[in-house]
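data_33.txt, holding compact mmCIF, C-alpha atoms and all ligand atoms:
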```txt
# COMPACT_ATOMS: atom_id res chain seq x y z
CA MET C 6 -31.18 -3.37 23.41
CA SER C 7 -31.52 -1.14 26.44
CA THR C 8 -32.23 2.55 26.84
CA VAL C 9 -30.19 5.03 28.80
CA THR C 10 -30.38 8.75 29.59
CA ALA C 11 -27.74 10.94 27.94
CA TYR C 12 -26.82 14.49 26.96
CA ALA C 13 -26.65 14.96 23.20
CA ALA C 14 -25.73 17.66 20.71
CA THR C 15 -28.46 18.13 18.11
CA SER C 16 -26.61 20.67 15.95
CA ALA C 17 -23.33 22.59 15.82
CA THR C 18 -24.87 25.61 17.51
CA ASP C 19 -27.65 24.47 19.87
CA PRO C 20 -26.91 23.62 23.51
CA LEU C 21 -26.63 19.96 24.46
CA THR C 22 -29.90 18.58 25.82
CA LYS C 23 -31.09 15.61 27.83
CA THR C 24 -32.35 12.71 25.76
CA THR C 25 -32.61 8.92 25.64
CA ILE C 26 -30.35 6.66 23.58
CA THR C 27 -30.09 2.90 23.11
CA ARG C 28 -27.20 0.58 23.92
CA ARG C 29 -26.72 -2.77 22.20
CA ASP C 30 -27.32 -6.04 24.01
CA VAL C 31 -24.25 -7.40 25.77
CA GLY C 32 -22.54 -9.65 23.22
CA ALA C 33 -20.28 -12.63 23.95
CA HIS C 34 -17.16 -10.45 24.32
CA ASP C 35 -18.85 -7.32 25.66
CA VAL C 36 -18.73 -5.60 28.99
CA LYS C 37 -21.53 -3.31 30.15
CA LEU C 38 -20.66 -0.60 32.60
CA ASP C 39 -22.54 1.96 34.61
CA ILE C 40 -20.84 5.24 33.83
CA HIS C 41 -20.04 7.14 37.04
CA PHE C 42 -17.99 10.02 35.62
CA ALA C 43 -17.20 11.45 32.19
CA GLY C 44 -14.55 14.11 31.52
CA ILE C 45 -15.12 17.03 29.15
CA CYS C 46 -12.31 17.09 26.58
CA HIS C 47 -11.81 20.05 24.24
CA SER C 48 -12.14 17.48 21.42
CA ASP C 49 -15.80 17.05 22.45
CA ILE C 50 -16.31 20.74 21.72
CA HIS C 51 -14.40 20.70 18.39
CA THR C 52 -16.51 17.71 17.33
CA VAL C 53 -19.90 19.00 18.52
CA ARG C 54 -19.33 22.30 16.70
CA GLY C 55 -18.45 20.58 13.43
CA GLU C 56 -14.86 21.90 13.43
CA TRP C 57 -13.47 18.47 12.52
CA GLY C 58 -15.97 17.61 9.82
CA ASP C 59 -19.34 15.90 9.59
CA VAL C 60 -21.26 15.03 12.73
CA LYS C 61 -24.08 12.51 12.93
CA TYR C 62 -26.54 14.42 15.14
CA PRO C 63 -27.94 13.69 17.64
CA MET C 64 -24.50 12.88 19.02
CA VAL C 65 -23.50 12.09 22.61
CA PRO C 66 -19.89 13.17 23.27
CA GLY C 67 -17.56 11.90 25.99
CA HIS C 68 -14.46 9.73 25.72
CA GLU C 69 -13.08 10.00 29.23
CA ILE C 70 -15.29 7.39 30.86
CA ALA C 71 -14.95 5.83 34.32
CA GLY C 72 -17.43 3.42 35.83
CA VAL C 73 -18.23 -0.01 37.23
CA VAL C 74 -18.98 -3.24 35.34
CA THR C 75 -22.60 -4.36 35.68
CA GLU C 76 -22.76 -7.21 33.14
CA VAL C 77 -20.32 -9.35 31.14
CA GLY C 78 -20.83 -11.53 28.08
CA PRO C 79 -20.28 -15.32 28.32
CA GLU C 80 -16.85 -15.22 26.61
CA VAL C 81 -15.44 -12.32 28.64
CA THR C 82 -12.29 -13.27 30.56
CA LYS C 83 -10.71 -9.98 31.65
CA TYR C 84 -13.48 -8.37 33.70
CA GLN C 85 -16.12 -9.26 36.27
CA VAL C 86 -19.21 -7.53 37.59
CA GLY C 87 -18.09 -4.90 40.11
CA ASP C 88 -14.73 -4.12 38.48
CA ARG C 89 -13.72 -0.44 38.23
CA VAL C 90 -13.07 0.26 34.58
CA GLY C 91 -12.54 2.99 32.02
CA VAL C 92 -13.15 3.59 28.33
CA GLY C 93 -11.15 6.09 26.31
CA CYS C 94 -11.30 7.53 22.80
CA PHE C 95 -11.98 4.37 20.81
CA VAL C 96 -14.11 1.27 21.30
CA ASP C 97 -12.91 -0.97 18.47
CA SER C 98 -10.39 -1.33 15.62
CA CYS C 99 -9.72 -3.93 12.92
CA ARG C 100 -7.32 -5.98 15.12
CA GLU C 101 -5.56 -7.24 11.98
CA CYS C 102 -3.53 -4.41 10.45
CA ALA C 103 0.15 -3.96 11.34
CA ASN C 104 -0.62 -1.08 13.70
CA CYS C 105 -3.36 -2.96 15.56
CA LYS C 106 -1.05 -5.97 15.88
CA ALA C 107 1.71 -3.71 17.20
CA GLY C 108 -0.63 -2.41 19.93
CA VAL C 109 -1.03 1.07 18.46
CA GLU C 110 -4.70 0.59 17.62
CA GLN C 111 -5.23 4.36 17.57
CA TYR C 112 -3.38 4.33 14.24
CA CYS C 113 -5.44 1.44 12.78
CA THR C 114 -5.38 1.67 8.98
CA ASN C 115 -8.26 -0.66 8.15
CA PRO C 116 -9.99 1.76 7.88
CA GLY C 117 -9.34 3.28 11.30
CA MET C 118 -10.24 3.00 14.96
CA VAL C 119 -13.91 3.24 15.89
CA GLY C 120 -14.32 6.44 17.88
CA THR C 121 -16.21 6.21 21.18
CA TYR C 122 -18.63 8.76 19.70
CA ASN C 123 -19.44 10.04 16.23
CA GLY C 124 -18.09 6.76 14.82
CA THR C 125 -19.76 3.69 13.36
CA GLY C 126 -19.67 0.42 15.28
CA ARG C 127 -19.38 -3.06 13.78
CA ASP C 128 -23.16 -3.28 13.96
CA GLY C 129 -23.40 -0.31 11.60
CA GLU C 130 -24.93 1.87 14.31
CA PRO C 131 -23.48 5.28 15.29
CA THR C 132 -21.38 5.17 18.45
CA GLN C 133 -22.48 7.36 21.37
CA GLY C 134 -20.14 8.48 24.15
CA GLY C 135 -19.85 8.93 27.86
CA TYR C 136 -22.23 11.78 28.72
CA SER C 137 -24.66 8.99 29.55
CA GLY C 138 -25.58 6.46 32.21
CA ALA C 139 -24.15 3.26 30.72
CA ILE C 140 -22.19 1.89 27.75
CA VAL C 141 -21.50 -1.52 26.18
CA VAL C 142 -17.92 -2.08 24.93
CA ASP C 143 -15.86 -5.06 23.76
CA GLU C 144 -13.66 -6.16 26.67
CA ASN C 145 -10.50 -5.65 24.61
CA TYR C 146 -11.15 -1.89 24.53
CA VAL C 147 -11.81 -1.52 28.26
CA LEU C 148 -9.18 -0.45 30.81
CA ARG C 149 -8.79 -1.39 34.46
CA ILE C 150 -8.71 1.55 36.88
CA PRO C 151 -6.28 0.95 39.76
CA ASP C 152 -7.89 0.92 43.22
CA SER C 153 -5.91 3.93 44.44
CA ILE C 154 -7.32 6.27 41.78
CA ALA C 155 -10.80 7.67 42.50
CA LEU C 156 -13.20 7.20 39.59
CA ASP C 157 -13.81 10.94 39.11
CA ALA C 158 -10.09 11.71 38.89
CA ALA C 159 -9.48 8.63 36.72
CA ALA C 160 -11.82 9.80 33.97
CA PRO C 161 -9.54 12.47 32.42
CA LEU C 162 -6.65 10.04 32.30
CA LEU C 163 -8.50 8.05 29.60
CA CYS C 164 -7.85 10.81 27.05
CA ALA C 165 -5.82 13.71 28.50
CA GLY C 166 -3.58 11.33 30.46
CA ILE C 167 -2.70 8.97 27.63
CA THR C 168 -2.37 11.80 25.09
CA LEU C 169 0.52 13.21 27.12
CA TYR C 170 1.96 9.94 28.43
CA SER C 171 2.45 8.44 24.98
CA PRO C 172 4.62 11.21 23.47
CA LEU C 173 6.53 11.65 26.73
CA ARG C 174 7.49 7.97 26.52
CA HIS C 175 8.06 8.01 22.76
CA TRP C 176 10.48 10.96 23.04
CA ASN C 177 12.12 9.46 26.16
CA ALA C 178 11.19 12.01 28.82
CA GLY C 179 13.55 11.60 31.76
CA PRO C 180 16.06 13.38 33.98
CA ASP C 181 18.25 14.48 31.07
CA LYS C 182 15.39 16.05 29.11
CA LYS C 183 14.09 19.60 29.02
CA ILE C 184 10.39 19.49 28.22
CA ALA C 185 8.07 22.42 27.57
CA VAL C 186 4.28 22.16 27.70
CA ILE C 187 2.35 24.85 25.81
CA GLY C 188 -1.08 25.53 27.37
CA LEU C 189 -2.03 24.71 30.97
CA GLY C 190 -5.47 23.24 30.32
CA GLY C 191 -6.85 19.70 30.60
CA LEU C 192 -4.07 18.07 28.60
CA GLY C 193 -1.31 20.43 29.66
CA HIS C 194 -1.72 20.11 33.41
CA VAL C 195 -1.62 16.30 33.27
CA GLY C 196 1.43 16.61 31.02
CA VAL C 197 3.25 18.66 33.64
CA LYS C 198 2.51 16.08 36.33
CA LEU C 199 3.52 13.13 34.14
CA ALA C 200 6.73 14.71 32.87
CA LYS C 201 7.70 15.61 36.42
CA ALA C 202 6.98 12.04 37.59
CA MET C 203 9.28 10.80 34.81
CA GLY C 204 12.02 13.03 36.18
CA ALA C 205 12.17 15.57 33.36
CA HIS C 206 12.79 19.32 33.74
CA VAL C 207 9.41 20.86 32.94
CA THR C 208 8.59 24.37 31.73
CA VAL C 209 5.08 25.71 31.15
CA LEU C 210 4.45 28.17 28.33
CA SER C 211 1.07 29.76 29.06
CA GLN C 212 -0.64 32.83 27.62
CA SER C 213 -0.20 34.70 30.91
CA LEU C 214 1.24 34.21 34.40
CA LYS C 215 -2.29 33.86 35.91
CA LYS C 216 -1.88 30.14 36.63
CA MET C 217 1.83 30.24 37.50
CA GLU C 218 1.40 29.22 41.14
CA ASP C 219 -0.60 26.16 40.05
CA GLY C 220 1.91 25.26 37.36
CA LEU C 221 4.80 25.27 39.80
CA ARG C 222 2.75 23.30 42.35
CA LEU C 223 1.94 20.69 39.70
CA GLY C 224 5.64 20.14 39.10
CA ALA C 225 6.95 22.72 36.62
CA GLU C 226 10.38 24.17 37.35
CA GLU C 227 9.79 27.19 35.15
CA TYR C 228 6.78 29.12 33.90
CA TYR C 229 6.65 31.79 31.21
CA ALA C 230 4.00 33.97 29.58
CA THR C 231 3.89 33.68 25.80
CA SER C 232 2.27 37.13 25.65
CA ASP C 233 5.68 38.52 26.64
CA PRO C 234 8.03 38.69 23.62
CA GLU C 235 11.01 38.42 26.01
CA THR C 236 10.03 34.77 26.61
CA PHE C 237 10.95 33.88 23.04
CA THR C 238 14.33 35.63 23.19
CA LYS C 239 15.23 34.17 26.55
CA LEU C 240 14.28 30.56 25.75
CA ALA C 241 15.63 30.31 22.18
CA GLY C 242 17.39 26.94 21.61
CA THR C 243 16.35 25.46 24.99
CA PHE C 244 14.03 22.45 24.77
CA ASP C 245 14.49 18.83 23.72
CA VAL C 246 10.74 18.36 23.39
CA ILE C 247 7.86 20.82 23.21
CA LEU C 248 4.35 19.42 23.63
CA ASN C 249 1.79 21.78 22.12
CA THR C 250 -1.62 21.23 23.72
CA VAL C 251 -3.23 24.44 22.47
CA SER C 252 -6.65 24.14 20.86
CA ALA C 253 -6.16 27.25 18.71
CA ASN C 254 -3.66 28.28 16.02
CA LEU C 255 -0.22 29.35 17.19
CA ASP C 256 2.68 30.96 15.39
CA LEU C 257 4.56 27.64 15.21
CA GLY C 258 7.70 29.28 13.84
CA SER C 259 8.28 31.18 17.11
CA TYR C 260 7.93 27.99 19.14
CA LEU C 261 10.13 25.86 16.85
CA LYS C 262 12.95 28.32 17.53
CA LEU C 263 12.75 27.39 21.23
CA LEU C 264 13.96 23.85 20.41
CA ALA C 265 17.55 22.77 21.09
CA LEU C 266 19.56 21.06 18.33
CA ASP C 267 17.58 18.03 17.10
CA GLY C 268 14.63 18.94 19.30
CA THR C 269 11.04 18.01 18.42
CA LEU C 270 7.82 19.96 18.68
CA VAL C 271 4.95 17.52 19.09
CA GLU C 272 1.54 18.79 17.99
CA LEU C 273 -1.22 17.49 20.27
CA GLY C 274 -3.81 20.25 19.95
CA MET C 275 -5.97 19.99 16.85
CA PRO C 276 -7.34 23.41 15.89
CA GLU C 277 -9.73 23.57 12.98
CA ASN C 278 -7.43 25.46 10.63
CA ALA C 279 -3.95 24.91 9.14
CA MET C 280 -0.87 26.50 10.69
CA GLU C 281 2.11 27.87 8.80
CA VAL C 282 5.56 26.36 9.29
CA PRO C 283 8.47 28.56 8.16
CA PRO C 284 11.13 26.16 6.74
CA ALA C 285 13.97 28.09 8.40
CA ALA C 286 12.52 27.34 11.85
CA LEU C 287 13.04 23.63 11.08
CA ILE C 288 16.32 23.87 9.18
CA PHE C 289 18.29 25.97 11.65
CA GLY C 290 18.81 23.51 14.51
CA ARG C 291 17.67 20.35 12.62
CA HIS C 292 14.31 20.65 14.36
CA SER C 293 11.47 18.18 13.90
CA LEU C 294 7.75 18.78 13.88
CA SER C 295 5.62 15.78 14.78
CA GLY C 296 2.21 14.87 16.12
CA SER C 297 0.80 12.21 18.41
CA LEU C 298 -2.66 10.69 18.80
CA ILE C 299 -3.79 9.38 22.21
CA GLY C 300 -2.25 5.90 22.81
CA GLY C 301 -2.93 2.20 22.32
CA ILE C 302 -4.84 0.03 24.77
CA ALA C 303 -1.76 -1.59 26.35
CA GLU C 304 -0.04 1.78 26.73
CA THR C 305 -3.20 3.30 28.25
CA GLN C 306 -3.21 0.53 30.87
CA GLU C 307 0.52 1.16 31.46
CA MET C 308 -0.26 4.88 31.94
CA LEU C 309 -3.04 4.16 34.47
CA ASP C 310 -0.71 1.89 36.44
CA PHE C 311 2.07 4.52 36.25
CA CYS C 312 -0.32 7.17 37.61
CA ALA C 313 -1.30 4.89 40.49
CA GLU C 314 2.33 4.17 41.29
CA HIS C 315 3.43 7.82 41.12
CA GLY C 316 0.31 9.44 42.59
CA VAL C 317 -0.47 11.34 39.39
CA THR C 318 -4.11 12.45 39.30
CA PRO C 319 -5.78 15.23 37.34
CA GLU C 320 -7.14 18.33 39.09
CA ILE C 321 -10.86 18.30 38.44
CA GLU C 322 -14.06 20.26 38.90
CA VAL C 323 -16.99 17.85 39.20
CA ILE C 324 -20.21 19.16 37.66
CA GLU C 325 -23.82 18.06 37.19
CA PRO C 326 -24.93 17.23 33.63
CA ASP C 327 -27.06 20.38 33.39
CA TYR C 328 -23.86 22.45 33.64
CA ILE C 329 -22.29 20.95 30.48
CA ASN C 330 -23.11 23.92 28.21
CA GLU C 331 -21.70 26.43 30.68
CA ALA C 332 -18.63 24.25 31.15
CA TYR C 333 -18.07 24.32 27.37
CA GLU C 334 -18.03 28.12 27.43
CA ARG C 335 -15.57 28.12 30.29
CA VAL C 336 -13.26 25.67 28.48
CA LEU C 337 -13.37 27.92 25.41
CA ALA C 338 -12.40 30.88 27.62
CA SER C 339 -9.41 28.91 29.08
CA ASP C 340 -11.29 29.13 32.40
CA VAL C 341 -10.88 25.51 33.46
CA ARG C 342 -8.98 24.30 36.52
CA TYR C 343 -8.13 21.89 35.06
CA ARG C 344 -10.72 19.41 33.79
CA PHE C 345 -14.49 19.38 34.07
CA VAL C 346 -15.80 15.95 35.01
CA ILE C 347 -19.52 15.20 34.78
CA ASP C 348 -21.05 13.24 37.66
CA THR C 349 -23.43 11.02 35.65
CA GLU C 350 -25.38 9.64 38.60
CA SER C 351 -28.59 11.41 37.53
CA LEU C 352 -28.31 9.73 34.09
CA ARG C 353 -28.14 6.20 35.49
CA GLY C 354 -30.90 3.74 36.15
CA GLU C 355 -33.72 5.56 34.38
P1 LIG B 401 -8.19 22.92 27.10
O1 LIG B 401 -8.45 22.35 28.45
O2 LIG B 401 -9.09 23.96 26.57
O3 LIG B 401 -6.67 23.46 27.13
C1 LIG B 401 -6.11 24.16 26.06
C2 LIG B 401 -5.19 25.25 26.62
O4 LIG B 401 -4.61 25.92 25.50
C3 LIG B 401 -5.90 26.34 27.39
O5 LIG B 401 -6.09 26.03 28.74
C4 LIG B 401 -4.94 27.51 27.23
O6 LIG B 401 -3.88 27.37 28.15
C5 LIG B 401 -4.37 27.29 25.84
N1 LIG B 401 -5.07 28.11 24.83
C6 LIG B 401 -6.38 28.12 24.52
N2 LIG B 401 -6.66 29.02 23.56
C7 LIG B 401 -5.47 29.60 23.26
C8 LIG B 401 -5.09 30.60 22.32
N3 LIG B 401 -5.98 31.19 21.53
N4 LIG B 401 -3.77 30.93 22.27
C9 LIG B 401 -2.88 30.36 23.07
N5 LIG B 401 -3.19 29.39 23.97
C10 LIG B 401 -4.47 29.03 24.07
O7 LIG B 401 -8.19 21.78 26.00
P2 LIG B 401 -7.70 20.25 26.11
O8 LIG B 401 -8.88 19.39 26.41
O9 LIG B 401 -6.49 20.18 26.92
O10 LIG B 401 -7.36 19.95 24.57
C11 LIG B 401 -6.37 20.72 23.90
C12 LIG B 401 -6.31 20.36 22.43
O11 LIG B 401 -5.83 19.03 22.29
C13 LIG B 401 -7.65 20.39 21.69
O12 LIG B 401 -7.43 20.90 20.39
C14 LIG B 401 -8.05 18.92 21.64
O13 LIG B 401 -8.93 18.63 20.60
C15 LIG B 401 -6.71 18.30 21.43
N6 LIG B 401 -6.62 16.86 21.80
C16 LIG B 401 -5.78 16.09 21.08
C17 LIG B 401 -5.57 14.77 21.42
C18 LIG B 401 -4.59 13.94 20.67
O14 LIG B 401 -4.69 12.72 20.71
N7 LIG B 401 -3.63 14.54 19.99
C19 LIG B 401 -6.28 14.23 22.51
C20 LIG B 401 -7.12 15.06 23.25
C21 LIG B 401 -7.28 16.38 22.90
P3 LIG B 401 -3.22 28.69 28.87
O15 LIG B 401 -4.37 29.39 29.52
O16 LIG B 401 -2.26 28.11 29.81
O17 LIG B 401 -2.57 29.50 27.81
ZN ZN B 402 -10.11 13.82 24.34
ZN ZN B 403 -6.25 -2.09 12.53
```
Could you write out this file's structure as structure tokens?
Amino acid sequence: MSTVTAYAATSATDPLTKTTITRRDVGAHDVKLDIHFAGICHSDIHTVRGEWGDVKYPMVPGHEIAGVVTEVGPEVTKYQVGDRVGVGCFVDSCRECANCKAGVEQYCTNPGMVGTYNGTGRDGEPTQGGYSGAIVVDENYVLRIPDSIALDAAAPLLCAGITLYSPLRHWNAGPDKKIAVIGLGGLGHVGVKLAKAMGAHVTVLSQSLKKMEDGLRLGAEEYYATSDPETFTKLAGTFDVILNTVSANLDLGSYLKLLALDGTLVELGMPENAMEVPPAALIFGRHSLSGSLIGGIAETQEMLDFCAEHGVTPEIEVIEPDYINEAYERVLASDVRYRFVIDTESLRGE
């Protein structure tokens, strides 16, 4: 066992504070990495605040991890000391169920993937995430970061990137597809870049026109304010796919009506409370409502390689760990341009 400095939540309401946690010894198939950067995902905030259920405090969030390998177990074949690597939202799964075998480990049914934080590892210990100086992970749940992507910009790809890439691929985003992204935050802005790189026609649906210039620069063809009722009249029946990245409840019925015949609204945001779905908004136009959870390990690697090839990198604001609590407030106020990434240097080597 080794100790490492980290930032942990101790309750749903107290600020995160600096602490020390332990990491397991490097096992035969494990990789140990020094964490260089960790993104702040809105899921960290939902989890810390108990909006998704029980939390095992103290809990170290962070599942957008980028760093460098410092140690490998004797059986490790994929990575060497010095490799640039990432860890995303899960660090293990059963490896035996149909979904694990099909490479969609995020949907493991036996009993489920092991979350990078607030989960329970095979050793029975609680998992602790990336707001820390180092982590030990089985090599099969580690990703390779392409040389052309800087480690700070790579971090958000490990969750925000794959969460948008996977549904864009699943619903065949391409030149013949009209895609709308609701919410220009951490997930949304990467979604715009990815959809554009896939050749789709991209529209942003944001609360206001405040970030319009950015949205168009990132690759959107069109940009509308959802605070303007005209938007919903004008765009009725337009989109093949709508990706909803909003962290709060929306009036889903209004958005379902923006789908073209056979279009699908994919729910990516996970607000605490249920949302109403008026049946008519599905029936008229044979619309579908779906959801999508991050992506499997192979697809996450494919996404990283795609981003390297197409020059897709998140827009980030790098912060020191002592700014985490303020960053949380800014994320909650939709005041993020467009992902906070913690420089974890001060948490390493202590
Ligand atoms: P974020 O950076 O806070 O972005 C969310 C965006 O939603 C905001 O920037 C804002 O965009 C819009 N928004 C916020 N509050 C709103 C409100 N009350 N009404 C309308 N729009 C609002 O969050 P994120 O990190 O991208 O995460 C977004 C959601 O996805 C969270 O619920 C998170 O837990 C979830 N998530 C899901 C997965 C998955 O696998 N499905 C993975 C990661 C995260 P505008 O200012 O442009 O309106
Ligand atoms: Zn996330
Ligand atoms: Zn499984």
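Compared by their closest atoms to ligand ZN 402 (chain B), and using all atoms listed in the file, the residues C:Gly126, C:Gly58, C:Pro116, C:Gly274 rank with C:Gly274 nearest.
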Against region 68-85 of chain C, which residues of region 108-199 of chain C fall within 10 Å? For each one I want the closest pair of atoms and the distance in Å (one decimal), counting all atoms listed in the file, rows by chain and increasing residue number, as a Markdown table.
```
| residue | atom | partner | partner_atom | distance |
| --- | --- | --- | --- | --- |
| C:Gly120 | CA | C:His68 | CA | 8.5 |
| C:Thr121 | CA | C:His68 | CA | 6.0 |
| C:Tyr122 | CA | C:His68 | CA | 7.4 |
| C:Gln133 | CA | C:His68 | CA | 9.4 |
| C:Gly134 | CA | C:His68 | CA | 6.0 |
| C:Gly135 | CA | C:Ile70 | CA | 5.7 |
| C:Tyr136 | CA | C:Ile70 | CA | 8.5 |
| C:Ser137 | CA | C:Ile70 | CA | 9.6 |
| C:Gly138 | CA | C:Gly72 | CA | 9.4 |
| C:Ala139 | CA | C:Gly72 | CA | 8.4 |
| C:Ile140 | CA | C:Ile70 | CA | 9.4 |
| C:Val141 | CA | C:Glu76 | CA | 9.1 |
| C:Val142 | CA | C:Val77 | CA | 9.9 |
| C:Asp143 | CA | C:Val81 | CA | 8.8 |
| C:Glu144 | CA | C:Val81 | CA | 6.7 |
| C:Asn145 | CA | C:Lys83 | CA | 8.3 |
| C:Val147 | CA | C:Tyr84 | CA | 8.9 |
| C:Leu148 | CA | C:Ala71 | CA | 9.2 |
| C:Arg149 | CA | C:Tyr84 | CA | 8.4 |
| C:Ile150 | CA | C:Ala71 | CA | 8.0 |
| C:Ala155 | CA | C:Ala71 | CA | 9.4 |
| C:Leu156 | CA | C:Ala71 | CA | 5.7 |
| C:Asp157 | CA | C:Ala71 | CA | 7.1 |
| C:Ala158 | CA | C:Ala71 | CA | 8.9 |
| C:Ala159 | CA | C:Ala71 | CA | 6.6 |
| C:Ala160 | CA | C:Glu69 | CA | 4.9 |
| C:Pro161 | CA | C:Glu69 | CA | 5.4 |
| C:Leu162 | CA | C:Glu69 | CA | 7.1 |
| C:Leu163 | CA | C:Glu69 | CA | 5.0 |
| C:Cys164 | CA | C:Glu69 | CA | 5.7 |
| C:Ala165 | CA | C:Glu69 | CA | 8.2 |
| C:Gly166 | CA | C:Glu69 | CA | 9.7 |
```
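Picture a line from CA of Tyr146 (chain C) to CA of Val90 (chain C); it runs 10.5 Å.
Take CA of Asp181 (chain C) and CA of Thr208 (chain C): the distance between them is 13.8 Å.
Pocket residues of ligand ZN 403 (chain B), taken as those with any atom at most 6 Å away using all atoms listed in the file, are Ser98, Cys99, Arg100, Glu101, Cys102, Asn104, Cys105, Glu110, Cys113, Thr114 and Asn115 of chain C.
Picture a line from CA of Lys198 (chain C) to CA of Phe237 (chain C); it runs 23.8 Å.
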### Task
Take the point (4.8, 18.1, 26.1) in the file's coordinates, draw a sphere of radius 6 Å around it, and report as a PyMOL selection string every protein, DNA or RNA residue with an atom inside or on it, counting all atoms listed in the file.
chain C and resi 185-186+247-248
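Nearest-residue note for His315 (chain C): choosing from C:Met280, C:Leu352, C:Val65, C:Ala200, the minimum distance belongs to C:Ala200, counting all atoms listed in the file.
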N, CA and C atoms are what I want for region 175-191 of chain C; can you complete it accordingly and write them as a PDB file, in the coordinates of the input?
```
ATOM      1  N   HIS C 175       7.488   8.179  24.105  1.00  0.00           N
ATOM      2  CA  HIS C 175       8.060   8.010  22.760  1.00  0.00           C
ATOM      3  C   HIS C 175       9.323   8.852  22.599  1.00  0.00           C
ATOM      4  N   TRP C 176       9.305  10.080  23.170  1.00  0.00           N
ATOM      5  CA  TRP C 176      10.480  10.960  23.040  1.00  0.00           C
ATOM      6  C   TRP C 176      11.341  10.906  24.306  1.00  0.00           C
ATOM      7  N   ASN C 177      11.203   9.789  25.058  1.00  0.00           N
ATOM      8  CA  ASN C 177      12.120   9.460  26.160  1.00  0.00           C
ATOM      9  C   ASN C 177      12.252  10.539  27.227  1.00  0.00           C
ATOM     10  N   ALA C 178      11.143  11.032  27.723  1.00  0.00           N
ATOM     11  CA  ALA C 178      11.190  12.010  28.820  1.00  0.00           C
ATOM     12  C   ALA C 178      11.894  11.385  30.011  1.00  0.00           C
ATOM     13  N   GLY C 179      12.801  12.116  30.608  1.00  0.00           N
ATOM     14  CA  GLY C 179      13.550  11.600  31.760  1.00  0.00           C
ATOM     15  C   GLY C 179      14.432  12.704  32.306  1.00  0.00           C
ATOM     16  N   PRO C 180      15.268  12.373  33.288  1.00  0.00           N
ATOM     17  CA  PRO C 180      16.060  13.380  33.980  1.00  0.00           C
ATOM     18  C   PRO C 180      16.957  14.233  33.079  1.00  0.00           C
ATOM     19  N   ASP C 181      17.345  13.702  31.933  1.00  0.00           N
ATOM     20  CA  ASP C 181      18.250  14.480  31.070  1.00  0.00           C
ATOM     21  C   ASP C 181      17.486  15.299  30.034  1.00  0.00           C
ATOM     22  N   LYS C 182      16.178  15.399  30.166  1.00  0.00           N
ATOM     23  CA  LYS C 182      15.390  16.050  29.110  1.00  0.00           C
ATOM     24  C   LYS C 182      14.709  17.336  29.597  1.00  0.00           C
ATOM     25  N   LYS C 183      14.820  18.351  28.743  1.00  0.00           N
ATOM     26  CA  LYS C 183      14.090  19.600  29.020  1.00  0.00           C
ATOM     27  C   LYS C 183      12.819  19.604  28.182  1.00  0.00           C
ATOM     28  N   ILE C 184      11.692  19.588  28.888  1.00  0.00           N
ATOM     29  CA  ILE C 184      10.390  19.490  28.220  1.00  0.00           C
ATOM     30  C   ILE C 184       9.601  20.775  28.454  1.00  0.00           C
ATOM     31  N   ALA C 185       8.987  21.288  27.403  1.00  0.00           N
ATOM     32  CA  ALA C 185       8.070  22.420  27.570  1.00  0.00           C
ATOM     33  C   ALA C 185       6.663  21.963  27.218  1.00  0.00           C
ATOM     34  N   VAL C 186       5.693  22.439  27.985  1.00  0.00           N
ATOM     35  CA  VAL C 186       4.280  22.160  27.700  1.00  0.00           C
ATOM     36  C   VAL C 186       3.624  23.495  27.375  1.00  0.00           C
ATOM     37  N   ILE C 187       3.066  23.611  26.170  1.00  0.00           N
ATOM     38  CA  ILE C 187       2.350  24.850  25.810  1.00  0.00           C
ATOM     39  C   ILE C 187       0.879  24.663  26.148  1.00  0.00           C
ATOM     40  N   GLY C 188       0.333  25.568  26.998  1.00  0.00           N
ATOM     41  CA  GLY C 188      -1.080  25.530  27.370  1.00  0.00           C
ATOM     42  C   GLY C 188      -1.297  24.741  28.651  1.00  0.00           C
ATOM     43  N   LEU C 189      -1.755  25.419  29.706  1.00  0.00           N
ATOM     44  CA  LEU C 189      -2.030  24.710  30.970  1.00  0.00           C
ATOM     45  C   LEU C 189      -3.539  24.516  31.091  1.00  0.00           C
ATOM     46  N   GLY C 190      -4.055  23.604  30.255  1.00  0.00           N
ATOM     47  CA  GLY C 190      -5.470  23.240  30.320  1.00  0.00           C
ATOM     48  C   GLY C 190      -5.587  21.782  30.742  1.00  0.00           C
ATOM     49  N   GLY C 191      -6.625  21.102  30.242  1.00  0.00           N
ATOM     50  CA  GLY C 191      -6.850  19.700  30.600  1.00  0.00           C
ATOM     51  C   GLY C 191      -5.662  18.824  30.254  1.00  0.00           C
TER      52      GLY C 191
END
```
